[in-house]
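For reference, my_file_1.pdb (PDB, C-alpha atoms, pLDDT in the B column):
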MODEL        1
ATOM      1  CA  MET Z   5       5.741  -5.960  46.224  1.00 80.00           C
ATOM      2  CA  PHE Z   6       8.537  -8.382  47.076  1.00 87.00           C
ATOM      3  CA  ALA Z   7       8.010  -7.350  50.707  1.00 90.00           C
ATOM      4  CA  VAL Z   8       4.370  -8.478  50.510  1.00 90.00           C
ATOM      5  CA  ALA Z   9       5.379 -11.886  49.145  1.00 91.00           C
ATOM      6  CA  ALA Z  10       8.109 -12.211  51.801  1.00 92.00           C
ATOM      7  CA  THR Z  11       5.596 -11.333  54.535  1.00 93.00           C
ATOM      8  CA  ALA Z  12       3.158 -13.949  53.239  1.00 93.00           C
ATOM      9  CA  LEU Z  13       5.945 -16.548  53.233  1.00 93.00           C
ATOM     10  CA  LEU Z  14       6.914 -15.615  56.807  1.00 94.00           C
ATOM     11  CA  ALA Z  15       3.279 -16.006  57.919  1.00 94.00           C
ATOM     12  CA  THR Z  16       3.228 -19.428  56.245  1.00 93.00           C
ATOM     13  CA  LEU Z  17       6.422 -20.341  58.117  1.00 94.00           C
ATOM     14  CA  ILE Z  18       4.752 -19.441  61.443  1.00 94.00           C
ATOM     15  CA  LEU Z  19       1.730 -21.640  60.624  1.00 93.00           C
ATOM     16  CA  LEU Z  20       3.964 -24.569  59.611  1.00 93.00           C
ATOM     17  CA  LEU Z  21       6.050 -24.135  62.759  1.00 93.00           C
ATOM     18  CA  ALA Z  22       2.877 -24.328  64.864  1.00 93.00           C
ATOM     19  CA  ARG Z  23       2.004 -27.635  63.175  1.00 92.00           C
ATOM     20  CA  ALA Z  24       5.545 -28.930  63.730  1.00 92.00           C
ATOM     21  CA  VAL Z  25       5.231 -28.148  67.460  1.00 92.00           C
ATOM     22  CA  LEU Z  26       1.662 -29.482  67.820  1.00 88.00           C
ATOM     23  CA  GLY Z  27       1.894 -32.468  65.473  1.00 77.00           C
ATOM     24  CA  PRO Z  28       0.667 -35.641  67.168  1.00 84.00           C
ATOM     25  CA  THR Z  29       2.742 -38.071  65.101  1.00 85.00           C
ATOM     26  CA  VAL Z  30       6.298 -37.887  63.856  1.00 86.00           C
ATOM     27  CA  PHE Z  31       4.984 -37.767  60.278  1.00 87.00           C
ATOM     28  CA  ASP Z  32       3.084 -34.536  60.972  1.00 90.00           C
ATOM     29  CA  ARG Z  33       6.287 -32.945  62.201  1.00 90.00           C
ATOM     30  CA  LEU Z  34       8.160 -34.298  59.177  1.00 88.00           C
ATOM     31  CA  LEU Z  35       5.501 -32.945  56.810  1.00 90.00           C
ATOM     32  CA  ALA Z  36       5.805 -29.540  58.466  1.00 91.00           C
ATOM     33  CA  ALA Z  37       9.601 -29.680  58.192  1.00 90.00           C
ATOM     34  CA  ASN Z  38       9.420 -30.580  54.498  1.00 89.00           C
ATOM     35  CA  ALA Z  39       6.961 -27.770  53.744  1.00 91.00           C
ATOM     36  CA  THR Z  40       9.164 -25.425  55.772  1.00 92.00           C
ATOM     37  CA  GLY Z  41      12.062 -26.336  53.486  1.00 90.00           C
ATOM     38  CA  THR Z  42       9.991 -25.509  50.388  1.00 91.00           C
ATOM     39  CA  VAL Z  43       8.871 -22.182  51.845  1.00 93.00           C
ATOM     40  CA  ALA Z  44      12.466 -21.402  52.865  1.00 92.00           C
ATOM     41  CA  VAL Z  45      13.615 -21.939  49.259  1.00 92.00           C
ATOM     42  CA  LEU Z  46      10.930 -19.523  48.043  1.00 92.00           C
ATOM     43  CA  LEU Z  47      11.798 -17.038  50.788  1.00 93.00           C
ATOM     44  CA  LEU Z  48      15.468 -17.128  49.792  1.00 92.00           C
ATOM     45  CA  ALA Z  49      14.542 -16.408  46.159  1.00 91.00           C
ATOM     46  CA  VAL Z  50      12.256 -13.521  47.145  1.00 92.00           C
ATOM     47  CA  ILE Z  51      14.831 -12.061  49.549  1.00 91.00           C
ATOM     48  CA  GLY Z  52      17.390 -12.177  46.748  1.00 90.00           C
ATOM     49  CA  PHE Z  53      15.164  -9.887  44.696  1.00 89.00           C
ATOM     50  CA  LEU Z  54      14.237  -7.781  47.729  1.00 89.00           C
ATOM     51  CA  ALA Z  55      17.887  -7.059  48.514  1.00 89.00           C
ATOM     52  CA  GLY Z  56      18.851  -6.670  44.844  1.00 86.00           C
ATOM     53  CA  ARG Z  57      21.340  -9.535  45.138  1.00 84.00           C
ATOM     54  CA  PRO Z  58      20.268 -12.504  42.956  1.00 79.00           C
ATOM     55  CA  ASP Z  59      23.219 -14.521  44.313  1.00 83.00           C
ATOM     56  CA  PHE Z  60      20.796 -15.864  46.906  1.00 86.00           C
ATOM     57  CA  LEU Z  61      19.326 -18.101  44.185  1.00 89.00           C
ATOM     58  CA  ASP Z  62      22.355 -20.409  44.401  1.00 90.00           C
ATOM     59  CA  LEU Z  63      21.680 -20.803  48.108  1.00 90.00           C
ATOM     60  CA  ALA Z  64      18.051 -21.569  47.287  1.00 90.00           C
ATOM     61  CA  ILE Z  65      19.071 -24.348  44.857  1.00 91.00           C
ATOM     62  CA  VAL Z  66      21.415 -25.922  47.417  1.00 92.00           C
ATOM     63  CA  TYR Z  67      18.769 -25.643  50.130  1.00 91.00           C
ATOM     64  CA  GLY Z  68      16.183 -27.366  47.926  1.00 88.00           C
ATOM     65  CA  LEU Z  69      18.530 -30.263  47.170  1.00 88.00           C
ATOM     66  CA  LEU Z  70      19.433 -30.704  50.854  1.00 90.00           C
ATOM     67  CA  ASN Z  71      15.758 -30.565  51.824  1.00 87.00           C
ATOM     68  CA  VAL Z  72      14.858 -33.432  49.500  1.00 81.00           C
ATOM     69  CA  VAL Z  73      17.782 -35.609  50.573  1.00 86.00           C
ATOM     70  CA  GLY Z  74      17.084 -34.987  54.266  1.00 85.00           C
ATOM     71  CA  THR Z  75      13.383 -35.760  53.997  1.00 81.00           C
ATOM     72  CA  ILE Z  76      13.949 -39.001  52.078  1.00 81.00           C
ATOM     73  CA  ALA Z  77      16.671 -40.104  54.532  1.00 84.00           C
ATOM     74  CA  VAL Z  78      14.512 -39.503  57.625  1.00 80.00           C
ATOM     75  CA  LEU Z  79      11.533 -41.207  55.977  1.00 78.00           C
ATOM     76  CA  LYS Z  80      13.596 -44.243  55.090  1.00 79.00           C
ATOM     77  CA  PHE Z  81      14.764 -44.392  58.697  1.00 80.00           C
ATOM     78  CA  PHE Z  82      11.206 -44.349  60.056  1.00 75.00           C
ATOM     79  CA  HIS Z  83       9.880 -46.702  57.380  1.00 74.00           C
ATOM     80  CA  TYR Z  84      12.448 -49.502  57.675  1.00 75.00           C
ATOM     81  CA  GLY Z  85      13.831 -48.790  61.150  1.00 70.00           C
ATOM     82  CA  GLY Z  86      17.288 -48.068  59.720  1.00 65.00           C
ATOM     83  CA  LEU Z  87      19.074 -46.533  56.784  1.00 64.00           C
ATOM     84  CA  GLY Z  88      19.767 -49.904  55.163  1.00 59.00           C
ATOM     85  CA  GLU Z  89      23.027 -51.540  54.326  1.00 55.00           C
TER      86      GLU Z  89
ATOM     87  CA  MET F  17       5.187  -3.228  27.909  1.00 66.00           C
ATOM     88  CA  SER F  18       7.342  -2.941  30.986  1.00 85.00           C
ATOM     89  CA  ALA F  19       4.425  -1.678  33.079  1.00 88.00           C
ATOM     90  CA  LEU F  20       2.319  -4.585  31.806  1.00 89.00           C
ATOM     91  CA  LEU F  21       4.998  -7.106  32.788  1.00 88.00           C
ATOM     92  CA  ASP F  22       5.324  -5.455  36.196  1.00 89.00           C
ATOM     93  CA  ALA F  23       1.580  -5.655  36.797  1.00 92.00           C
ATOM     94  CA  ALA F  24       1.469  -9.309  35.718  1.00 92.00           C
ATOM     95  CA  SER F  25       4.390 -10.236  37.965  1.00 91.00           C
ATOM     96  CA  TRP F  26       2.828  -8.384  40.919  1.00 92.00           C
ATOM     97  CA  ILE F  27      -0.431 -10.250  40.460  1.00 93.00           C
ATOM     98  CA  LEU F  28       1.445 -13.565  40.256  1.00 93.00           C
ATOM     99  CA  LEU F  29       3.505 -12.757  43.372  1.00 92.00           C
ATOM    100  CA  ALA F  30       0.402 -11.776  45.356  1.00 93.00           C
ATOM    101  CA  ALA F  31      -1.453 -14.912  44.243  1.00 93.00           C
ATOM    102  CA  GLY F  32       1.547 -17.073  45.148  1.00 92.00           C
ATOM    103  CA  GLY F  33       1.741 -15.555  48.616  1.00 92.00           C
ATOM    104  CA  PHE F  34      -2.000 -16.030  49.066  1.00 93.00           C
ATOM    105  CA  PHE F  35      -1.844 -19.711  48.131  1.00 93.00           C
ATOM    106  CA  CYS F  36       1.169 -20.217  50.423  1.00 92.00           C
ATOM    107  CA  ILE F  37      -0.834 -18.824  53.352  1.00 93.00           C
ATOM    108  CA  VAL F  38      -3.813 -21.009  52.365  1.00 93.00           C
ATOM    109  CA  GLY F  39      -1.563 -24.076  52.380  1.00 92.00           C
ATOM    110  CA  GLY F  40      -0.157 -23.114  55.788  1.00 92.00           C
ATOM    111  CA  ILE F  41      -3.640 -22.674  57.263  1.00 93.00           C
ATOM    112  CA  GLY F  42      -4.628 -26.040  55.786  1.00 92.00           C
ATOM    113  CA  VAL F  43      -1.604 -27.765  57.316  1.00 92.00           C
ATOM    114  CA  LEU F  44      -2.475 -26.261  60.697  1.00 91.00           C
ATOM    115  CA  ARG F  45      -6.253 -26.780  60.650  1.00 90.00           C
ATOM    116  CA  MET F  46      -6.912 -30.079  58.829  1.00 88.00           C
ATOM    117  CA  PRO F  47      -8.040 -32.942  61.085  1.00 88.00           C
ATOM    118  CA  ASP F  48      -5.887 -35.760  59.771  1.00 88.00           C
ATOM    119  CA  PHE F  49      -2.339 -36.479  58.608  1.00 89.00           C
ATOM    120  CA  TYR F  50      -3.377 -37.342  55.053  1.00 90.00           C
ATOM    121  CA  THR F  51      -5.565 -34.262  54.662  1.00 91.00           C
ATOM    122  CA  ARG F  52      -2.658 -32.180  55.975  1.00 91.00           C
ATOM    123  CA  LEU F  53      -0.497 -33.742  53.266  1.00 91.00           C
ATOM    124  CA  HIS F  54      -3.122 -32.719  50.734  1.00 90.00           C
ATOM    125  CA  ALA F  55      -3.063 -29.142  52.043  1.00 90.00           C
ATOM    126  CA  ALA F  56       0.738 -29.029  51.848  1.00 90.00           C
ATOM    127  CA  GLY F  57       0.431 -29.910  48.159  1.00 89.00           C
ATOM    128  CA  VAL F  58      -1.209 -26.520  47.528  1.00 89.00           C
ATOM    129  CA  ASN F  59       1.882 -24.928  49.015  1.00 89.00           C
ATOM    130  CA  ASP F  60       4.256 -26.912  46.815  1.00 87.00           C
ATOM    131  CA  THR F  61       2.468 -26.555  43.472  1.00 89.00           C
ATOM    132  CA  LEU F  62       0.401 -23.374  43.259  1.00 90.00           C
ATOM    133  CA  GLY F  63       2.292 -21.272  45.798  1.00 90.00           C
ATOM    134  CA  ALA F  64       5.775 -22.131  44.561  1.00 91.00           C
ATOM    135  CA  GLY F  65       4.775 -22.120  40.881  1.00 92.00           C
ATOM    136  CA  LEU F  66       3.091 -18.711  40.927  1.00 93.00           C
ATOM    137  CA  LEU F  67       5.805 -17.104  43.059  1.00 92.00           C
ATOM    138  CA  LEU F  68       8.614 -18.388  40.837  1.00 92.00           C
ATOM    139  CA  LEU F  69       6.714 -17.362  37.682  1.00 92.00           C
ATOM    140  CA  GLY F  70       6.314 -13.845  39.084  1.00 92.00           C
ATOM    141  CA  LEU F  71      10.021 -13.670  39.907  1.00 91.00           C
ATOM    142  CA  ILE F  72      10.918 -14.924  36.405  1.00 92.00           C
ATOM    143  CA  LEU F  73       8.823 -12.114  34.893  1.00 91.00           C
ATOM    144  CA  GLN F  74      10.765  -9.633  37.048  1.00 88.00           C
ATOM    145  CA  ALA F  75      14.126 -11.129  36.032  1.00 86.00           C
ATOM    146  CA  GLY F  76      13.620 -11.081  32.272  1.00 84.00           C
ATOM    147  CA  TRP F  77      15.833 -13.112  29.896  1.00 87.00           C
ATOM    148  CA  SER F  78      18.934 -13.691  32.016  1.00 88.00           C
ATOM    149  CA  LEU F  79      20.850 -16.227  34.081  1.00 90.00           C
ATOM    150  CA  VAL F  80      18.647 -15.356  37.060  1.00 89.00           C
ATOM    151  CA  ALA F  81      15.567 -16.554  35.175  1.00 91.00           C
ATOM    152  CA  ALA F  82      17.369 -19.801  34.289  1.00 91.00           C
ATOM    153  CA  LYS F  83      18.228 -20.379  37.956  1.00 90.00           C
ATOM    154  CA  LEU F  84      14.630 -19.702  38.958  1.00 91.00           C
ATOM    155  CA  ALA F  85      13.467 -22.226  36.343  1.00 91.00           C
ATOM    156  CA  ILE F  86      15.937 -24.767  37.755  1.00 91.00           C
ATOM    157  CA  ILE F  87      14.526 -24.197  41.259  1.00 91.00           C
ATOM    158  CA  GLY F  88      11.010 -24.610  39.874  1.00 91.00           C
ATOM    159  CA  LEU F  89      11.882 -27.889  38.141  1.00 91.00           C
ATOM    160  CA  LEU F  90      13.598 -29.148  41.299  1.00 89.00           C
ATOM    161  CA  LEU F  91      10.526 -28.432  43.439  1.00 89.00           C
ATOM    162  CA  PHE F  92       8.245 -29.798  40.719  1.00 89.00           C
ATOM    163  CA  PHE F  93       9.980 -33.195  40.649  1.00 87.00           C
ATOM    164  CA  ALA F  94      11.167 -33.546  44.251  1.00 86.00           C
ATOM    165  CA  ASN F  95       8.129 -32.517  46.266  1.00 88.00           C
ATOM    166  CA  PRO F  96       5.675 -35.101  44.869  1.00 88.00           C
ATOM    167  CA  ALA F  97       8.299 -37.795  45.544  1.00 86.00           C
ATOM    168  CA  ALA F  98       8.693 -36.573  49.121  1.00 87.00           C
ATOM    169  CA  SER F  99       4.902 -36.456  49.597  1.00 89.00           C
ATOM    170  CA  HIS F 100       4.555 -39.986  48.224  1.00 89.00           C
ATOM    171  CA  ALA F 101       7.295 -41.259  50.533  1.00 86.00           C
ATOM    172  CA  LEU F 102       5.667 -39.503  53.502  1.00 87.00           C
ATOM    173  CA  ALA F 103       2.244 -41.054  52.837  1.00 88.00           C
ATOM    174  CA  LYS F 104       3.760 -44.504  52.219  1.00 86.00           C
ATOM    175  CA  ALA F 105       5.862 -44.410  55.390  1.00 85.00           C
ATOM    176  CA  ALA F 106       2.931 -43.177  57.485  1.00 87.00           C
ATOM    177  CA  LEU F 107       0.641 -45.917  56.156  1.00 87.00           C
ATOM    178  CA  ALA F 108       3.312 -48.567  56.715  1.00 84.00           C
ATOM    179  CA  ARG F 109       3.772 -47.399  60.314  1.00 81.00           C
ATOM    180  CA  GLY F 110       0.050 -47.633  61.031  1.00 79.00           C
ATOM    181  CA  VAL F 111      -1.264 -44.059  60.830  1.00 79.00           C
ATOM    182  CA  ARG F 112      -4.906 -44.603  59.897  1.00 82.00           C
ATOM    183  CA  PRO F 113      -6.927 -41.962  58.038  1.00 82.00           C
ATOM    184  CA  VAL F 114      -9.906 -40.539  59.938  1.00 79.00           C
ATOM    185  CA  LEU F 115     -13.027 -41.672  58.110  1.00 79.00           C
ATOM    186  CA  ASP F 116     -16.392 -39.952  58.039  1.00 72.00           C
ATOM    187  CA  GLY F 117     -18.206 -42.472  60.214  1.00 67.00           C
ATOM    188  CA  GLU F 118     -15.543 -42.310  62.926  1.00 61.00           C
ATOM    189  CA  ALA F 119     -15.534 -38.520  63.015  1.00 58.00           C
ATOM    190  CA  GLN F 120     -19.292 -38.329  63.609  1.00 52.00           C
ATOM    191  CA  PRO F 121     -20.413 -41.494  65.412  1.00 46.00           C
ATOM    192  CA  SER F 122     -23.840 -40.014  66.285  1.00 45.00           C
ATOM    193  CA  LYS F 123     -24.965 -40.232  62.649  1.00 40.00           C
ATOM    194  CA  ARG F 124     -24.731 -44.008  62.563  1.00 37.00           C
TER     195      ARG F 124
ENDMDL
END
Written form, structure tokens:
Amino acid sequence: MFAVAATALLATLILLLARAVLGPTVFDRLLAANATGTVAVLLLAVIGFLAGRPDFLDLAIVYGLLNVVGTIAVLKFFHYGGLGE
Amino acid sequence: MSALLDAASWILLAAGGFFCIVGGIGVLRMPDFYTRLHAAGVNDTLGAGLLLLGLILQAGWSLVAAKLAIIGLLLFFANPAASHALAKAALARGVRPVLDGEAQPSKR
């Protein structure tokens, strides 16, 4: 059953990757990257259960934190034209 | 009881995967940046919530369940903030939403 969820998440990753390649504006690509980060966190959690090694959950937590910080930093750059001083 | 929990967690995992795919299709197919943002919200709330709930049911009362709850809270608070910042930055940089009249000019 974990394999089904992991397959669904991989299919979602392919769809999001297509939007990141096609996206007309930089914000479309950024939206796809952010959603990719969320799906990657979920995929890490599911793979942890699939492999019987729940240690992957720590990686998922770190990945989620990095995803948020990265998205906000890039958005601030495109909003104000710089990271501020 | 264990079989019941297993069945419930399987249903939740399948529903979470389904909603993740729905969100991905929405992000790919929607006509506009803001509608794509709306579709990505399905991914962040329903997909992530149901998947993590299913995994928590599989984990039982343990540290693993606590970590899954932490991940859920993190996504729950961080993703709306990221979506808000995305929409605000896009609007400030001049990405206009596609309105109904512009999409179908023959109706006017």
Practice problem: Dig up all the protein and nucleic acid residues within 9 Å of (2.1, -33.8, 52.7) in the file frame, using only C-alpha atoms, and format them as a PyMOL selection string. | Solution: (chain Z and resi 32+34-36+38-39) or (chain F and resi 43+49-57+95-96+98-100+102-103)
Quiz item: Written as a ChimeraX atom specification, which residues does the ChimeraX specification (/Z :<8) & /F give for the file shown?
Solution: /F:26,29-30,32-34,36-37,39-41,43-44,49,52-53,56,59-60,64,67-68,71,80,83-84,86-87,90-91,94-95,98,101-102,105-106,108-109
Exercise. Just give me the gap between CA of Asp22 in chain F and CA of Gly76 in chain F in Å, one decimal is fine.
Key: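 Answer for the CA of Asp22 in chain F to CA of Gly76 in chain F separation: 10.8 Å.
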Quiz item: Mind pulling up the distance from CA of Gly41 in chain Z to CA of Leu70 in chain Z?
Solution: 9.0 Å
Practice problem: Considering all atoms listed in the file, return as a list in words whatever protein or nucleic-acid residues lie within 12 Å of Ala19 in chain F, sequence-local ones (same chain, fewer than 5 positions apart) excluded. | Solution: Ala24, Ser25, Trp26, Leu73 and Gln74 of chain F
Quiz item: What is the CA of Asp48 in chain F to CA of Val25 in chain Z distance in Å?
Solution: 15.5 Å
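A search radius of 6 Å centred on (20.6, -14.0, 48.9), applied to all atoms listed in the file, returns the residues Gly52, Arg57, Asp59 and Phe60 of chain Z.
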Can those selected residues be exported to a file as an mmCIF file, in the frame of the given file so that it contains C-alpha atoms?
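The result, stored in selection39.cif:
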data_model
loop_
_atom_site.group_PDB
_atom_site.id
_atom_site.type_symbol
_atom_site.label_atom_id
_atom_site.label_comp_id
_atom_site.auth_asym_id
_atom_site.auth_seq_id
_atom_site.Cartn_x
_atom_site.Cartn_y
_atom_site.Cartn_z
ATOM 1 C CA GLY Z 52 17.390 -12.177 46.748
ATOM 2 C CA ARG Z 57 21.340 -9.535 45.138
ATOM 3 C CA ASP Z 59 23.219 -14.521 44.313
ATOM 4 C CA PHE Z 60 20.796 -15.864 46.906
#
